[in-house]
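A short worksheet on the structure shown next.
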Amino acid sequence: MTVWPYLLVAALATYLWRGLGVLLSGRINADSALLRWFTAVAYAMLAGLIARLIILPAGPLAHVALWERSAAAIMALAVYLLTRRNIIFGVAAGTATLILCLQF
Amino acid sequence: MEDFGSANAARRRGALTALGMPGLVLGASYLGFGALIRESHLGIEDGLASSIAGWALPGQIVLVEVIAAGGSLLSAGLAVLLTNARLLPMVASLMPILRAAESGKPRLRHYLIAHLIAITGFAIAMQRAPRMQPAQRLPFYEGFAVTLWLTTICATALGFVLAGVMPRPVTLGFVFLNPLYFMLVFVADLRHRLRAWALTIGAVLGPCLHLLSPDWGLLATGLIAGTAAYLIDAGQRRRHPGWRR
């Protein structure tokens, strides 16, 4: 089965939002209420997406237990805060926690 | 105000920034994507085309899942459309910051760079660009995003080749690295009042609404949590007019 039509449709469905975003941005005043609303919607969607990827993941991570994913996320956050907000240490600690949980 | 000296220097700095932590994390995530492509019995050219033309990982993963499940072209388009709706408010809120040095209608250059606006670049540019010289913001972002894009294209191919070689727990760790990284990146945004409300309400509503409707949950989360955060922020602005953030 050739999947090129799928790839084309997906690329269009993705760029549509980006193109519309540029079009709209030309009509929004910087520092306007409308821009603040767009910003709030963007951050809310990103937070919702990330929380879902951690709590209710699809694909291969769905077979990893919730407590293992939670332990990894909490470890990442704790190490990040304890190392004066070092993202590298936080991410490494969280990832290592998940790998260790799965290994033993 | 951060000043790199020239537009070209800003572009180089952007490229260097991308080769640090962002490239490492997104590279690892796209290794996972490349492996997923192979496990789903798709070709390396399919994975590369997806990373080149549809550069937004959550939508790319959804597409592979729909194809693997034998879904129709229409259902694939709809699933990707709903997964990627966040790109509209992201581009609409970032573009005015990147274009602060100029006025007038958006040009081809802006429509091209919009293809490379995704979570990583958005999060970093929203934090750093407002403190840069206005004329250097777009060049910085171009250097950053093009470098990151090329990195992920290479990582897609490498992940395809390495699929099955890496132990399962390591592959899963790489896949989980991505949400962990974004979680920490957005913790830094909690000191902005509007973003803090949007992030907090969105993080609570996101999984709940996803349980109600996997298709529409994310869009509803953005509209409900985003509007609530906007209203709370507007109320607090009125009450404390001097405390502007």
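Ligands are numbered from 1 in the order shown, residues from 1 within each chain, and chains are lettered A, B, ... in the order they appear in the structure tokens.
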
### Message
I want to know what sits within 7 Å of segment 2-16 of chain A, based on only C-alpha atoms, with residues of the same chain fewer than 4 positions away left out; could you give that as a PyMOL selection string?
### Response
(chain A and resi 20) or (chain B and resi 50+53-54+73+76-77+80-81+84+115)

### Task
Please provide as a list in words all residues within 7 Å of segment 52-63 of chain A, with the sequence filter that same-chain residues fewer than 4 positions apart are discarded (counting only C-alpha atoms).
Gly48 and Arg69 of chain A; Leu172, Pro179, Gly206 and Pro207 of chain B

Restricting it to N, CA and C atoms, dump the selection as a PDB file, in the first residue's frame.
ATOM      1  N   GLY A  48      -2.130  20.964  28.003  1.00  0.00           N
ATOM      2  CA  GLY A  48      -3.061  19.841  27.919  1.00  0.00           C
ATOM      3  C   GLY A  48      -2.444  18.672  27.173  1.00  0.00           C
ATOM      4  N   ARG A  69       5.496   6.059  34.969  1.00  0.00           N
ATOM      5  CA  ARG A  69       5.556   7.347  34.278  1.00  0.00           C
ATOM      6  C   ARG A  69       5.523   8.490  35.279  1.00  0.00           C
TER       7      ARG A  69
ATOM      8  N   LEU B 172      11.851   3.235  24.972  1.00  0.00           N
ATOM      9  CA  LEU B 172      10.728   3.854  25.676  1.00  0.00           C
ATOM     10  C   LEU B 172      11.185   5.098  26.443  1.00  0.00           C
ATOM     11  N   PRO B 179       8.009  14.506  26.357  1.00  0.00           N
ATOM     12  CA  PRO B 179       7.098  15.199  27.274  1.00  0.00           C
ATOM     13  C   PRO B 179       7.784  15.694  28.555  1.00  0.00           C
ATOM     14  N   GLY B 206      -6.685  18.959  30.208  1.00  0.00           N
ATOM     15  CA  GLY B 206      -6.243  18.173  29.051  1.00  0.00           C
ATOM     16  C   GLY B 206      -6.559  16.693  29.159  1.00  0.00           C
ATOM     17  N   PRO B 207      -6.018  16.007  30.194  1.00  0.00           N
ATOM     18  CA  PRO B 207      -6.298  14.570  30.323  1.00  0.00           C
ATOM     19  C   PRO B 207      -7.787  14.284  30.559  1.00  0.00           C
TER      20      PRO B 207
END

### Message
With 7 Å as the limit and counting only C-alpha atoms, what residues in chain B lie close to chain A? Please list them as a ChimeraX atom specification.
### Response
/B:50,53-54,73,76-77,80-81,84-93,95-96,105-106,111,114-115,169-170,172-173,176-177,179-181,183-184,194-195,198-199,201-203,205-207,218,221-223,225-227,229-230

Dump as a PDB file, in the first residue's frame, selection limited to C-alpha atoms:
ATOM      1  CA  SER B  50       6.665  13.125   7.193  1.00  0.00           C
ATOM      2  CA  ALA B  53       6.719  18.152   5.184  1.00  0.00           C
ATOM      3  CA  GLY B  54       4.657  17.651   8.327  1.00  0.00           C
ATOM      4  CA  LEU B  73      -7.670   9.023   4.207  1.00  0.00           C
ATOM      5  CA  ALA B  76      -6.259  10.452   8.929  1.00  0.00           C
ATOM      6  CA  GLY B  77      -6.731  14.035   7.755  1.00  0.00           C
ATOM      7  CA  VAL B  80      -4.009  15.228  12.170  1.00  0.00           C
ATOM      8  CA  LEU B  81      -6.082  18.395  11.808  1.00  0.00           C
ATOM      9  CA  ASN B  84      -2.310  20.118  15.281  1.00  0.00           C
ATOM     10  CA  ALA B  85      -4.883  22.872  15.903  1.00  0.00           C
ATOM     11  CA  ARG B  86      -2.557  24.296  18.570  1.00  0.00           C
ATOM     12  CA  LEU B  87      -0.245  25.493  15.763  1.00  0.00           C
ATOM     13  CA  LEU B  88      -2.659  28.322  14.865  1.00  0.00           C
ATOM     14  CA  PRO B  89      -2.592  30.151  18.228  1.00  0.00           C
ATOM     15  CA  MET B  90       1.129  29.344  18.570  1.00  0.00           C
ATOM     16  CA  VAL B  91       2.015  30.946  15.227  1.00  0.00           C
ATOM     17  CA  ALA B  92      -0.420  33.833  15.725  1.00  0.00           C
ATOM     18  CA  SER B  93       1.107  34.729  19.105  1.00  0.00           C
ATOM     19  CA  MET B  95       4.837  35.849  14.809  1.00  0.00           C
ATOM     20  CA  PRO B  96       4.151  39.413  16.072  1.00  0.00           C
ATOM     21  CA  LYS B 105       1.357  42.301   5.657  1.00  0.00           C
ATOM     22  CA  PRO B 106       3.189  39.012   6.245  1.00  0.00           C
ATOM     23  CA  TYR B 111       4.875  31.915   5.542  1.00  0.00           C
ATOM     24  CA  ALA B 114       5.833  29.288   9.951  1.00  0.00           C
ATOM     25  CA  HIS B 115       6.357  25.729   8.685  1.00  0.00           C
ATOM     26  CA  PRO B 169      13.464   0.162  27.914  1.00  0.00           C
ATOM     27  CA  VAL B 170      15.926   2.590  26.282  1.00  0.00           C
ATOM     28  CA  LEU B 172      10.728   3.854  25.676  1.00  0.00           C
ATOM     29  CA  GLY B 173      12.933   6.178  27.730  1.00  0.00           C
ATOM     30  CA  PHE B 176       9.260   9.670  27.188  1.00  0.00           C
ATOM     31  CA  LEU B 177      12.121  12.187  27.122  1.00  0.00           C
ATOM     32  CA  PRO B 179       7.098  15.199  27.274  1.00  0.00           C
ATOM     33  CA  LEU B 180       9.511  15.400  30.246  1.00  0.00           C
ATOM     34  CA  TYR B 181      11.565  18.065  28.470  1.00  0.00           C
ATOM     35  CA  MET B 183       7.170  19.868  31.084  1.00  0.00           C
ATOM     36  CA  LEU B 184      10.397  21.375  32.464  1.00  0.00           C
ATOM     37  CA  LEU B 194      -1.215  34.667  32.049  1.00  0.00           C
ATOM     38  CA  ARG B 195       0.910  31.704  30.950  1.00  0.00           C
ATOM     39  CA  ALA B 198      -3.187  28.783  31.010  1.00  0.00           C
ATOM     40  CA  LEU B 199      -0.603  26.069  31.712  1.00  0.00           C
ATOM     41  CA  ILE B 201      -5.765  24.898  33.914  1.00  0.00           C
ATOM     42  CA  GLY B 202      -4.737  23.314  30.599  1.00  0.00           C
ATOM     43  CA  ALA B 203      -2.686  20.588  32.317  1.00  0.00           C
ATOM     44  CA  LEU B 205      -8.328  19.838  31.788  1.00  0.00           C
ATOM     45  CA  GLY B 206      -6.243  18.173  29.051  1.00  0.00           C
ATOM     46  CA  PRO B 207      -6.298  14.570  30.323  1.00  0.00           C
ATOM     47  CA  LEU B 218      -7.382  18.977  22.994  1.00  0.00           C
ATOM     48  CA  THR B 221      -8.976  22.214  26.410  1.00  0.00           C
ATOM     49  CA  GLY B 222      -7.333  25.078  24.533  1.00  0.00           C
ATOM     50  CA  LEU B 223     -10.536  27.077  24.140  1.00  0.00           C
ATOM     51  CA  ALA B 225      -8.636  26.715  29.658  1.00  0.00           C
ATOM     52  CA  GLY B 226      -7.212  29.472  27.446  1.00  0.00           C
ATOM     53  CA  THR B 227     -10.321  31.646  27.765  1.00  0.00           C
ATOM     54  CA  ALA B 229      -6.838  32.007  31.930  1.00  0.00           C
ATOM     55  CA  TYR B 230      -7.374  35.093  29.783  1.00  0.00           C
TER      56      TYR B 230
END

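Here atom CA of Leu26 of chain B stands at a distance of 10.3 Å from atom CA of Thr156 of chain B.
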
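Rounded to one decimal, atom CA of Thr171 of chain B and atom CA of Cys154 of chain B lie 17.1 Å from each other.
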
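For the atom pair formed by atom CA of Ile224 of chain B and atom CA of Val204 of chain B, the distance is 11.5 Å, given to one decimal.
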
All alpha helix (DSSP H) positions in segment 127-184 of chain B, as a PDB file with N, CA and C atoms, in the first residue's frame:
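part28.pdb was written with the following content:
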ATOM      1  N   GLN B 127      10.299  32.790  25.272  1.00  0.00           N
ATOM      2  CA  GLN B 127      11.077  33.175  26.458  1.00  0.00           C
ATOM      3  C   GLN B 127      12.196  34.143  26.114  1.00  0.00           C
ATOM      4  N   ARG B 128      12.888  33.903  24.988  1.00  0.00           N
ATOM      5  CA  ARG B 128      14.115  34.672  24.710  1.00  0.00           C
ATOM      6  C   ARG B 128      13.945  35.829  23.734  1.00  0.00           C
ATOM      7  N   PRO B 134      14.886  43.755  18.073  1.00  0.00           N
ATOM      8  CA  PRO B 134      13.772  43.347  17.206  1.00  0.00           C
ATOM      9  C   PRO B 134      14.215  42.834  15.831  1.00  0.00           C
ATOM     10  N   ALA B 135      15.207  43.484  15.203  1.00  0.00           N
ATOM     11  CA  ALA B 135      15.602  43.089  13.844  1.00  0.00           C
ATOM     12  C   ALA B 135      16.349  41.758  13.826  1.00  0.00           C
ATOM     13  N   GLN B 136      16.793  41.275  15.003  1.00  0.00           N
ATOM     14  CA  GLN B 136      17.565  40.031  15.036  1.00  0.00           C
ATOM     15  C   GLN B 136      16.730  38.821  15.435  1.00  0.00           C
ATOM     16  N   ARG B 137      15.453  39.061  15.802  1.00  0.00           N
ATOM     17  CA  ARG B 137      14.626  37.962  16.304  1.00  0.00           C
ATOM     18  C   ARG B 137      14.325  36.928  15.221  1.00  0.00           C
ATOM     19  N   LEU B 138      13.870  37.405  14.054  1.00  0.00           N
ATOM     20  CA  LEU B 138      13.532  36.469  12.975  1.00  0.00           C
ATOM     21  C   LEU B 138      14.769  35.715  12.484  1.00  0.00           C
ATOM     22  N   PRO B 139      15.914  36.397  12.248  1.00  0.00           N
ATOM     23  CA  PRO B 139      17.132  35.649  11.877  1.00  0.00           C
ATOM     24  C   PRO B 139      17.515  34.611  12.924  1.00  0.00           C
ATOM     25  N   PHE B 140      17.448  34.955  14.215  1.00  0.00           N
ATOM     26  CA  PHE B 140      17.772  33.986  15.269  1.00  0.00           C
ATOM     27  C   PHE B 140      16.870  32.765  15.129  1.00  0.00           C
ATOM     28  N   TYR B 141      15.558  33.032  14.953  1.00  0.00           N
ATOM     29  CA  TYR B 141      14.626  31.913  14.868  1.00  0.00           C
ATOM     30  C   TYR B 141      14.888  31.067  13.626  1.00  0.00           C
ATOM     31  N   GLU B 142      15.223  31.724  12.496  1.00  0.00           N
ATOM     32  CA  GLU B 142      15.507  30.975  11.273  1.00  0.00           C
ATOM     33  C   GLU B 142      16.698  30.035  11.473  1.00  0.00           C
ATOM     34  N   GLY B 143      17.780  30.564  12.056  1.00  0.00           N
ATOM     35  CA  GLY B 143      18.951  29.731  12.308  1.00  0.00           C
ATOM     36  C   GLY B 143      18.618  28.574  13.227  1.00  0.00           C
ATOM     37  N   PHE B 144      17.851  28.886  14.270  1.00  0.00           N
ATOM     38  CA  PHE B 144      17.470  27.868  15.244  1.00  0.00           C
ATOM     39  C   PHE B 144      16.616  26.779  14.610  1.00  0.00           C
ATOM     40  N   ALA B 145      15.539  27.193  13.939  1.00  0.00           N
ATOM     41  CA  ALA B 145      14.540  26.232  13.474  1.00  0.00           C
ATOM     42  C   ALA B 145      15.050  25.386  12.314  1.00  0.00           C
ATOM     43  N   VAL B 146      15.789  25.998  11.389  1.00  0.00           N
ATOM     44  CA  VAL B 146      16.297  25.218  10.251  1.00  0.00           C
ATOM     45  C   VAL B 146      17.276  24.147  10.753  1.00  0.00           C
ATOM     46  N   THR B 147      18.146  24.523  11.704  1.00  0.00           N
ATOM     47  CA  THR B 147      19.098  23.561  12.260  1.00  0.00           C
ATOM     48  C   THR B 147      18.376  22.425  12.972  1.00  0.00           C
ATOM     49  N   LEU B 148      17.361  22.783  13.755  1.00  0.00           N
ATOM     50  CA  LEU B 148      16.614  21.768  14.495  1.00  0.00           C
ATOM     51  C   LEU B 148      15.883  20.822  13.529  1.00  0.00           C
ATOM     52  N   TRP B 149      15.332  21.418  12.475  1.00  0.00           N
ATOM     53  CA  TRP B 149      14.603  20.646  11.455  1.00  0.00           C
ATOM     54  C   TRP B 149      15.538  19.630  10.800  1.00  0.00           C
ATOM     55  N   LEU B 150      16.729  20.095  10.350  1.00  0.00           N
ATOM     56  CA  LEU B 150      17.692  19.192   9.713  1.00  0.00           C
ATOM     57  C   LEU B 150      18.126  18.088  10.680  1.00  0.00           C
ATOM     58  N   THR B 151      18.303  18.449  11.957  1.00  0.00           N
ATOM     59  CA  THR B 151      18.696  17.454  12.962  1.00  0.00           C
ATOM     60  C   THR B 151      17.644  16.348  13.069  1.00  0.00           C
ATOM     61  N   THR B 152      16.366  16.754  13.094  1.00  0.00           N
ATOM     62  CA  THR B 152      15.304  15.756  13.267  1.00  0.00           C
ATOM     63  C   THR B 152      15.142  14.892  12.021  1.00  0.00           C
ATOM     64  N   ILE B 153      15.427  15.464  10.843  1.00  0.00           N
ATOM     65  CA  ILE B 153      15.345  14.661   9.613  1.00  0.00           C
ATOM     66  C   ILE B 153      16.416  13.563   9.650  1.00  0.00           C
ATOM     67  N   CYS B 154      17.650  13.935  10.043  1.00  0.00           N
ATOM     68  CA  CYS B 154      18.724  12.936  10.175  1.00  0.00           C
ATOM     69  C   CYS B 154      18.352  11.908  11.238  1.00  0.00           C
ATOM     70  N   ALA B 155      17.780  12.376  12.367  1.00  0.00           N
ATOM     71  CA  ALA B 155      17.446  11.465  13.464  1.00  0.00           C
ATOM     72  C   ALA B 155      16.361  10.478  13.044  1.00  0.00           C
ATOM     73  N   THR B 156      15.418  10.927  12.181  1.00  0.00           N
ATOM     74  CA  THR B 156      14.379  10.017  11.689  1.00  0.00           C
ATOM     75  C   THR B 156      15.017   8.845  10.951  1.00  0.00           C
ATOM     76  N   ALA B 157      15.989   9.174  10.050  1.00  0.00           N
ATOM     77  CA  ALA B 157      16.668   8.121   9.288  1.00  0.00           C
ATOM     78  C   ALA B 157      17.454   7.203  10.213  1.00  0.00           C
ATOM     79  N   LEU B 158      18.170   7.794  11.177  1.00  0.00           N
ATOM     80  CA  LEU B 158      18.987   7.011  12.103  1.00  0.00           C
ATOM     81  C   LEU B 158      18.107   6.095  12.961  1.00  0.00           C
ATOM     82  N   GLY B 159      16.986   6.630  13.423  1.00  0.00           N
ATOM     83  CA  GLY B 159      16.070   5.829  14.243  1.00  0.00           C
ATOM     84  C   GLY B 159      15.528   4.644  13.469  1.00  0.00           C
ATOM     85  N   PHE B 160      15.258   4.865  12.165  1.00  0.00           N
ATOM     86  CA  PHE B 160      14.771   3.776  11.309  1.00  0.00           C
ATOM     87  C   PHE B 160      15.820   2.672  11.223  1.00  0.00           C
ATOM     88  N   VAL B 161      17.088   3.090  11.023  1.00  0.00           N
ATOM     89  CA  VAL B 161      18.176   2.115  10.895  1.00  0.00           C
ATOM     90  C   VAL B 161      18.408   1.373  12.213  1.00  0.00           C
ATOM     91  N   LEU B 162      18.287   2.115  13.341  1.00  0.00           N
ATOM     92  CA  LEU B 162      18.607   1.528  14.650  1.00  0.00           C
ATOM     93  C   LEU B 162      17.446   0.742  15.258  1.00  0.00           C
ATOM     94  N   ARG B 168      14.525  -2.386  24.506  1.00  0.00           N
ATOM     95  CA  ARG B 168      13.184  -1.808  24.619  1.00  0.00           C
ATOM     96  C   ARG B 168      13.076  -0.697  25.679  1.00  0.00           C
ATOM     97  N   PRO B 169      13.591  -0.905  26.913  1.00  0.00           N
ATOM     98  CA  PRO B 169      13.464   0.162  27.914  1.00  0.00           C
ATOM     99  C   PRO B 169      14.127   1.459  27.474  1.00  0.00           C
ATOM    100  N   VAL B 170      15.238   1.374  26.729  1.00  0.00           N
ATOM    101  CA  VAL B 170      15.926   2.590  26.282  1.00  0.00           C
ATOM    102  C   VAL B 170      15.088   3.322  25.239  1.00  0.00           C
ATOM    103  N   THR B 171      14.500   2.562  24.306  1.00  0.00           N
ATOM    104  CA  THR B 171      13.626   3.180  23.305  1.00  0.00           C
ATOM    105  C   THR B 171      12.476   3.912  23.992  1.00  0.00           C
ATOM    106  N   LEU B 172      11.851   3.235  24.972  1.00  0.00           N
ATOM    107  CA  LEU B 172      10.728   3.854  25.676  1.00  0.00           C
ATOM    108  C   LEU B 172      11.185   5.098  26.443  1.00  0.00           C
ATOM    109  N   GLY B 173      12.385   5.020  27.033  1.00  0.00           N
ATOM    110  CA  GLY B 173      12.933   6.178  27.730  1.00  0.00           C
ATOM    111  C   GLY B 173      13.103   7.362  26.791  1.00  0.00           C
ATOM    112  N   PHE B 174      13.578   7.100  25.570  1.00  0.00           N
ATOM    113  CA  PHE B 174      13.745   8.161  24.575  1.00  0.00           C
ATOM    114  C   PHE B 174      12.405   8.780  24.190  1.00  0.00           C
ATOM    115  N   VAL B 175      11.399   7.919  24.042  1.00  0.00           N
ATOM    116  CA  VAL B 175      10.081   8.435  23.666  1.00  0.00           C
ATOM    117  C   VAL B 175       9.530   9.323  24.788  1.00  0.00           C
ATOM    118  N   PHE B 176       9.805   8.925  26.048  1.00  0.00           N
ATOM    119  CA  PHE B 176       9.260   9.670  27.188  1.00  0.00           C
ATOM    120  C   PHE B 176      10.059  10.944  27.475  1.00  0.00           C
ATOM    121  N   LEU B 177      11.280  11.017  26.932  1.00  0.00           N
ATOM    122  CA  LEU B 177      12.121  12.187  27.122  1.00  0.00           C
ATOM    123  C   LEU B 177      11.432  13.466  26.640  1.00  0.00           C
ATOM    124  N   ASN B 178      10.693  13.326  25.550  1.00  0.00           N
ATOM    125  CA  ASN B 178      10.063  14.481  24.922  1.00  0.00           C
ATOM    126  C   ASN B 178       9.061  15.197  25.839  1.00  0.00           C
ATOM    127  N   PRO B 179       8.009  14.506  26.357  1.00  0.00           N
ATOM    128  CA  PRO B 179       7.098  15.199  27.274  1.00  0.00           C
ATOM    129  C   PRO B 179       7.784  15.694  28.555  1.00  0.00           C
ATOM    130  N   LEU B 180       8.796  14.951  29.044  1.00  0.00           N
ATOM    131  CA  LEU B 180       9.511  15.400  30.246  1.00  0.00           C
ATOM    132  C   LEU B 180      10.196  16.736  29.988  1.00  0.00           C
ATOM    133  N   TYR B 181      10.851  16.837  28.823  1.00  0.00           N
ATOM    134  CA  TYR B 181      11.565  18.065  28.470  1.00  0.00           C
ATOM    135  C   TYR B 181      10.599  19.250  28.386  1.00  0.00           C
ATOM    136  N   PHE B 182       9.483  19.051  27.693  1.00  0.00           N
ATOM    137  CA  PHE B 182       8.534  20.154  27.550  1.00  0.00           C
ATOM    138  C   PHE B 182       7.939  20.555  28.895  1.00  0.00           C
ATOM    139  N   MET B 183       7.693  19.560  29.749  1.00  0.00           N
ATOM    140  CA  MET B 183       7.170  19.868  31.084  1.00  0.00           C
ATOM    141  C   MET B 183       8.122  20.825  31.801  1.00  0.00           C
ATOM    142  N   LEU B 184       9.423  20.531  31.764  1.00  0.00           N
ATOM    143  CA  LEU B 184      10.397  21.375  32.464  1.00  0.00           C
ATOM    144  C   LEU B 184      10.548  22.737  31.788  1.00  0.00           C
TER     145      LEU B 184
END
